[in-house]
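Participant: The file below is query04.cif, mmCIF, C-alpha atoms:
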data_entry
#
loop_
_atom_site.group_PDB
_atom_site.id
_atom_site.type_symbol
_atom_site.label_atom_id
_atom_site.label_comp_id
_atom_site.auth_asym_id
_atom_site.auth_seq_id
_atom_site.Cartn_x
_atom_site.Cartn_y
_atom_site.Cartn_z
ATOM 1 C CA MET A 2 -18.822 32.767 16.867
ATOM 2 C CA THR A 3 -18.150 36.282 18.034
ATOM 3 C CA LYS A 4 -15.425 37.453 20.409
ATOM 4 C CA THR A 5 -16.485 40.523 22.357
ATOM 5 C CA ASP A 6 -13.491 41.254 24.614
ATOM 6 C CA ASP A 7 -9.825 42.142 24.049
ATOM 7 C CA GLY A 8 -7.009 39.597 24.005
ATOM 8 C CA VAL A 9 -6.118 36.375 22.307
ATOM 9 C CA SER A 10 -8.684 33.682 21.714
ATOM 10 C CA TRP A 11 -8.361 30.136 20.404
ATOM 11 C CA GLY A 12 -10.944 27.838 18.929
ATOM 12 C CA SER A 13 -11.197 24.620 16.972
ATOM 13 C CA VAL A 14 -13.682 22.463 15.135
ATOM 14 C CA HIS A 15 -13.586 18.672 15.120
ATOM 15 C CA TRP A 16 -15.561 16.456 12.759
ATOM 16 C CA GLN A 17 -15.579 12.685 13.132
ATOM 17 C CA TYR A 18 -17.039 10.216 10.673
ATOM 18 C CA LEU A 19 -17.485 6.562 11.610
ATOM 19 C CA GLU A 20 -18.315 3.780 9.165
ATOM 20 C CA ASP A 21 -18.992 0.066 9.413
ATOM 21 C CA MET A 22 -15.668 -1.742 8.756
ATOM 22 C CA ALA A 23 -17.357 -4.099 6.273
ATOM 23 C CA LYS A 24 -18.132 -1.105 4.014
ATOM 24 C CA ILE A 25 -14.566 0.231 3.895
ATOM 25 C CA SER A 26 -12.417 -0.528 0.859
ATOM 26 C CA PRO A 27 -8.799 0.425 0.071
ATOM 27 C CA ALA A 28 -8.391 3.937 -1.342
ATOM 28 C CA GLU A 29 -5.981 4.582 -4.210
ATOM 29 C CA GLY A 30 -4.493 7.887 -5.262
ATOM 30 C CA THR A 31 -4.459 9.483 -1.796
ATOM 31 C CA PRO A 32 -1.443 11.188 -0.176
ATOM 32 C CA LEU A 33 -1.555 8.739 2.772
ATOM 33 C CA LYS A 34 -0.514 5.084 2.619
ATOM 34 C CA LEU A 35 -1.214 2.877 5.634
ATOM 35 C CA LYS A 36 0.391 -0.515 6.257
ATOM 36 C CA LYS A 37 -0.575 -2.712 9.209
ATOM 37 C CA THR A 38 1.677 -5.602 10.254
ATOM 38 C CA LEU A 39 0.957 -8.126 13.021
ATOM 39 C CA PHE A 40 3.688 -9.767 15.093
ATOM 40 C CA LEU A 41 3.513 -12.561 17.640
ATOM 41 C CA LYS A 42 5.470 -11.730 20.806
ATOM 42 C CA GLU A 43 7.340 -14.761 22.126
ATOM 43 C CA THR A 44 9.723 -15.245 25.041
ATOM 44 C CA THR A 45 12.808 -17.328 24.202
ATOM 45 C CA ASN A 46 16.090 -18.148 25.967
ATOM 46 C CA LYS A 47 17.514 -14.999 24.333
ATOM 47 C CA GLY A 48 14.662 -12.791 25.562
ATOM 48 C CA GLN A 49 11.532 -11.521 23.875
ATOM 49 C CA VAL A 50 11.326 -11.712 20.089
ATOM 50 C CA LEU A 51 8.730 -10.624 17.547
ATOM 51 C CA ARG A 52 7.756 -13.056 14.796
ATOM 52 C CA LEU A 53 5.614 -12.095 11.824
ATOM 53 C CA VAL A 54 2.137 -13.651 12.101
ATOM 54 C CA ASN A 55 1.809 -16.134 9.258
ATOM 55 C CA GLY A 56 -0.630 -18.688 10.608
ATOM 56 C CA PRO A 57 -3.341 -19.336 13.150
ATOM 57 C CA LEU A 58 -3.159 -17.852 16.639
ATOM 58 C CA ALA A 59 -3.970 -19.418 19.995
ATOM 59 C CA VAL A 60 -5.921 -18.022 22.915
ATOM 60 C CA GLY A 61 -3.462 -16.088 25.061
ATOM 61 C CA ASP A 62 -1.018 -15.237 22.252
ATOM 62 C CA GLU A 63 0.322 -11.710 22.645
ATOM 63 C CA LEU A 64 0.244 -9.609 19.485
ATOM 64 C CA VAL A 65 2.167 -6.467 18.620
ATOM 65 C CA VAL A 66 0.658 -4.244 15.927
ATOM 66 C CA ARG A 67 2.878 -2.045 13.777
ATOM 67 C CA LEU A 68 1.129 0.782 11.934
ATOM 68 C CA GLU A 69 3.235 2.432 9.245
ATOM 69 C CA LEU A 70 1.828 5.667 7.839
ATOM 70 C CA ARG A 71 3.555 7.277 4.862
ATOM 71 C CA THR A 72 2.704 10.486 3.066
ATOM 72 C CA ASP A 73 4.009 12.316 0.021
ATOM 73 C CA ARG A 74 3.720 15.771 1.644
ATOM 74 C CA ASP A 75 4.048 17.632 4.942
ATOM 75 C CA MET A 76 0.913 17.611 7.069
ATOM 76 C CA GLU A 77 0.199 19.610 10.193
ATOM 77 C CA TYR A 78 -1.992 17.065 11.961
ATOM 78 C CA VAL A 79 -2.750 13.381 11.423
ATOM 79 C CA THR A 80 -4.520 11.060 13.840
ATOM 80 C CA SER A 81 -5.154 7.352 13.653
ATOM 81 C CA ARG A 82 -7.064 4.851 15.721
ATOM 82 C CA THR A 83 -7.244 1.100 15.420
ATOM 83 C CA SER A 84 -9.340 -1.363 17.319
ATOM 84 C CA ALA A 85 -8.092 -4.621 18.750
ATOM 85 C CA ALA A 86 -9.810 -7.632 17.268
ATOM 86 C CA ALA A 87 -10.117 -10.998 18.964
ATOM 87 C CA ALA A 88 -8.072 -13.773 17.389
ATOM 88 C CA PRO A 89 -9.701 -17.084 16.492
ATOM 89 C CA SER A 90 -8.382 -19.946 18.596
ATOM 90 C CA ARG A 91 -6.439 -22.884 17.201
ATOM 91 C CA SER A 92 -8.099 -26.250 17.242
ATOM 92 C CA THR A 93 -6.546 -28.513 19.875
ATOM 93 C CA SER A 94 -8.154 -31.747 18.684
#
Translate this structure into structure tokens?
Facilitator:
Amino acid sequence: MTKTDDGVSWGSVHWQYLEDMAKISPAEGTPLKLKKTLFLKETTNKGQVLRLVNGPLAVGDELVVRLELRTDRDMEYVTSRTSAAAAPSRSTS
């Protein structure tokens, strides 16, 4: 790129790499540690509460996802994206 006039100019480059989720394995020895926790959102007499998901889910259950990203150094820019997966339904028989 060449800037031909006076004044301030800004630019950026973005590179995105996508991979099939089945091919991704946990990485060790990196400065970033990612933890994903799933909660079931329930309404009780005391209001809404979050319970850790520890069993099967039913159609219509509302989930809350907590992503915890930790690093061992300062970073200027970090971005994350997660996709919502459908939950298998509980058997009602």
Participant: Given the choices A:Met2, A:Leu41, A:Val50, A:Val79, which gets closest to A:Asp62 if the distance is worked out from only C-alpha atoms?
Facilitator: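 Closest residue, counting only C-alpha atoms: A:Leu41.
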Participant: Report the centre and edge lengths, in Å to one decimal, of an axis-aligned box enclosing every atom of stretch 21-31 of chain A listed in the file, padded by 4 Å on each side, as JSON.
Facilitator:
{"center_x": -11.7, "center_y": 2.7, "center_z": 2.1, "size_x": 22.5, "size_y": 21.6, "size_z": 22.7}
Participant: For the PyMOL selection byres ((chain A and resi 67) around 9), applied here, can you spell out every residue it catches as a PyMOL selection string?
Facilitator: chain A and resi 36-40+65-66+68-69
Participant: Near stretch 16-31 of chain A, counting all atoms listed in the file, which residues have an atom at most 12 Å away, once you skip same-chain residues fewer than 6 positions from it, shown as a VMD selection string?
Facilitator: chain A and resid 71 to 74 80 to 84 86
Participant: Could you check how far atom CA of A:Arg52 sits from atom CA of A:Lys34, in Å to one decimal?
Facilitator: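 According to the coordinates, atom CA of A:Arg52 and atom CA of A:Lys34 are separated by 23.4 Å.
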Participant: What separation in Å, quoted to one decimal, exists between atom CA of A:Leu58 and atom CA of A:Asn46?
Facilitator: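 Distance reported for this atom pair: 21.4 Å.
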Participant: Please measure the separation of atom CA of A:Val14 and atom CA of A:Met76, giving the value in Å to one decimal.
Facilitator: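 Computed distance, atom CA of A:Val14 to atom CA of A:Met76, equals 17.4 Å.
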Participant: Find, counting only C-alpha atoms, the residue in A:Leu33, A:His15, A:Asp75, A:Glu63 that gets nearest to A:Gln49.
Facilitator: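 Comparing A:Leu33, A:His15, A:Asp75, A:Glu63 against A:Gln49, the winner is A:Glu63.
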Participant: With distances taken over all atoms listed in the file, which of A:Val54, A:Tyr78, A:Ser13, A:Thr3 is nearest to A:Lys42?
Facilitator: A:Val54
Participant: Measuring between all atoms listed in the file, which one of A:Glu43, A:Asp6, A:Gly12, A:Gly48 shows the shortest distance to A:Gly61?
Facilitator: A:Glu43
Participant: Complete stretch 43-73 of chain A at the level of N, CA and C atoms, written as an mmCIF file, in the frame of the given file.
Facilitator:
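Final output, saved to out37.cif:
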data_model
loop_
_atom_site.group_PDB
_atom_site.id
_atom_site.type_symbol
_atom_site.label_atom_id
_atom_site.label_comp_id
_atom_site.auth_asym_id
_atom_site.auth_seq_id
_atom_site.Cartn_x
_atom_site.Cartn_y
_atom_site.Cartn_z
ATOM 1 N N GLU A 43 6.977 -13.515 21.474
ATOM 2 C CA GLU A 43 7.340 -14.761 22.126
ATOM 3 C C GLU A 43 8.533 -14.542 23.039
ATOM 4 N N THR A 44 8.583 -15.292 24.133
ATOM 5 C CA THR A 44 9.723 -15.245 25.041
ATOM 6 C C THR A 44 10.584 -16.475 24.779
ATOM 7 N N THR A 45 11.863 -16.253 24.476
ATOM 8 C CA THR A 45 12.808 -17.328 24.202
ATOM 9 C C THR A 45 13.942 -17.254 25.217
ATOM 10 N N ASN A 46 14.910 -18.164 25.089
ATOM 11 C CA ASN A 46 16.090 -18.148 25.967
ATOM 12 C C ASN A 46 16.892 -16.866 25.790
ATOM 13 N N LYS A 47 16.780 -16.234 24.626
ATOM 14 C CA LYS A 47 17.514 -14.999 24.333
ATOM 15 C C LYS A 47 16.691 -13.749 24.664
ATOM 16 N N GLY A 48 15.521 -13.928 25.234
ATOM 17 C CA GLY A 48 14.662 -12.791 25.562
ATOM 18 C C GLY A 48 13.420 -12.779 24.686
ATOM 19 N N GLN A 49 12.752 -11.635 24.662
ATOM 20 C CA GLN A 49 11.532 -11.521 23.875
ATOM 21 C C GLN A 49 11.860 -11.230 22.412
ATOM 22 N N VAL A 50 11.148 -11.910 21.526
ATOM 23 C CA VAL A 50 11.326 -11.712 20.089
ATOM 24 C C VAL A 50 9.960 -11.515 19.446
ATOM 25 N N LEU A 51 9.945 -10.821 18.325
ATOM 26 C CA LEU A 51 8.730 -10.624 17.547
ATOM 27 C C LEU A 51 8.828 -11.452 16.274
ATOM 28 N N ARG A 52 7.808 -12.251 16.010
ATOM 29 C CA ARG A 52 7.756 -13.056 14.796
ATOM 30 C C ARG A 52 6.529 -12.634 13.998
ATOM 31 N N LEU A 53 6.708 -12.475 12.711
ATOM 32 C CA LEU A 53 5.614 -12.095 11.824
ATOM 33 C C LEU A 53 4.509 -13.142 11.896
ATOM 34 N N VAL A 54 3.264 -12.718 12.042
ATOM 35 C CA VAL A 54 2.137 -13.651 12.101
ATOM 36 C C VAL A 54 1.915 -14.203 10.696
ATOM 37 N N ASN A 55 2.020 -15.514 10.576
ATOM 38 C CA ASN A 55 1.809 -16.134 9.258
ATOM 39 C C ASN A 55 0.964 -17.406 9.367
ATOM 40 N N GLY A 56 0.234 -17.526 10.436
ATOM 41 C CA GLY A 56 -0.630 -18.688 10.608
ATOM 42 C C GLY A 56 -1.650 -18.434 11.691
ATOM 43 N N PRO A 57 -2.311 -19.500 12.120
ATOM 44 C CA PRO A 57 -3.341 -19.336 13.150
ATOM 45 C C PRO A 57 -2.740 -18.933 14.492
ATOM 46 N N LEU A 58 -3.554 -18.301 15.305
ATOM 47 C CA LEU A 58 -3.159 -17.852 16.639
ATOM 48 C C LEU A 58 -3.899 -18.658 17.687
ATOM 49 N N ALA A 59 -3.344 -18.697 18.886
ATOM 50 C CA ALA A 59 -3.970 -19.418 19.995
ATOM 51 C C ALA A 59 -4.465 -18.424 21.027
ATOM 52 N N VAL A 60 -5.435 -18.845 21.814
ATOM 53 C CA VAL A 60 -5.921 -18.022 22.915
ATOM 54 C C VAL A 60 -4.740 -17.731 23.834
ATOM 55 N N GLY A 61 -4.552 -16.478 24.180
ATOM 56 C CA GLY A 61 -3.462 -16.088 25.061
ATOM 57 C C GLY A 61 -2.222 -15.593 24.332
ATOM 58 N N ASP A 62 -2.153 -15.772 23.010
ATOM 59 C CA ASP A 62 -1.018 -15.237 22.252
ATOM 60 C C ASP A 62 -1.002 -13.723 22.384
ATOM 61 N N GLU A 63 0.189 -13.160 22.531
ATOM 62 C CA GLU A 63 0.322 -11.710 22.645
ATOM 63 C C GLU A 63 0.748 -11.153 21.292
ATOM 64 N N LEU A 64 -0.032 -10.210 20.785
ATOM 65 C CA LEU A 64 0.244 -9.609 19.485
ATOM 66 C C LEU A 64 0.805 -8.207 19.658
ATOM 67 N N VAL A 65 1.666 -7.828 18.723
ATOM 68 C CA VAL A 65 2.167 -6.467 18.620
ATOM 69 C C VAL A 65 1.757 -5.973 17.237
ATOM 70 N N VAL A 66 1.122 -4.813 17.187
ATOM 71 C CA VAL A 66 0.658 -4.244 15.927
ATOM 72 C C VAL A 66 1.586 -3.102 15.539
ATOM 73 N N ARG A 67 2.060 -3.139 14.303
ATOM 74 C CA ARG A 67 2.878 -2.045 13.777
ATOM 75 C C ARG A 67 2.071 -1.336 12.694
ATOM 76 N N LEU A 68 1.808 -0.050 12.920
ATOM 77 C CA LEU A 68 1.129 0.782 11.934
ATOM 78 C C LEU A 68 2.172 1.688 11.294
ATOM 79 N N GLU A 69 2.278 1.617 9.987
ATOM 80 C CA GLU A 69 3.235 2.432 9.245
ATOM 81 C C GLU A 69 2.438 3.367 8.335
ATOM 82 N N LEU A 70 2.562 4.660 8.594
ATOM 83 C CA LEU A 70 1.828 5.667 7.839
ATOM 84 C C LEU A 70 2.819 6.506 7.043
ATOM 85 N N ARG A 71 2.669 6.509 5.736
ATOM 86 C CA ARG A 71 3.555 7.277 4.862
ATOM 87 C C ARG A 71 2.743 8.300 4.088
ATOM 88 N N THR A 72 3.376 9.429 3.814
ATOM 89 C CA THR A 72 2.704 10.486 3.066
ATOM 90 C C THR A 72 3.684 11.110 2.089
ATOM 91 N N ASP A 73 3.155 11.700 1.036
ATOM 92 C CA ASP A 73 4.009 12.316 0.021
ATOM 93 C C ASP A 73 4.139 13.833 0.225
#
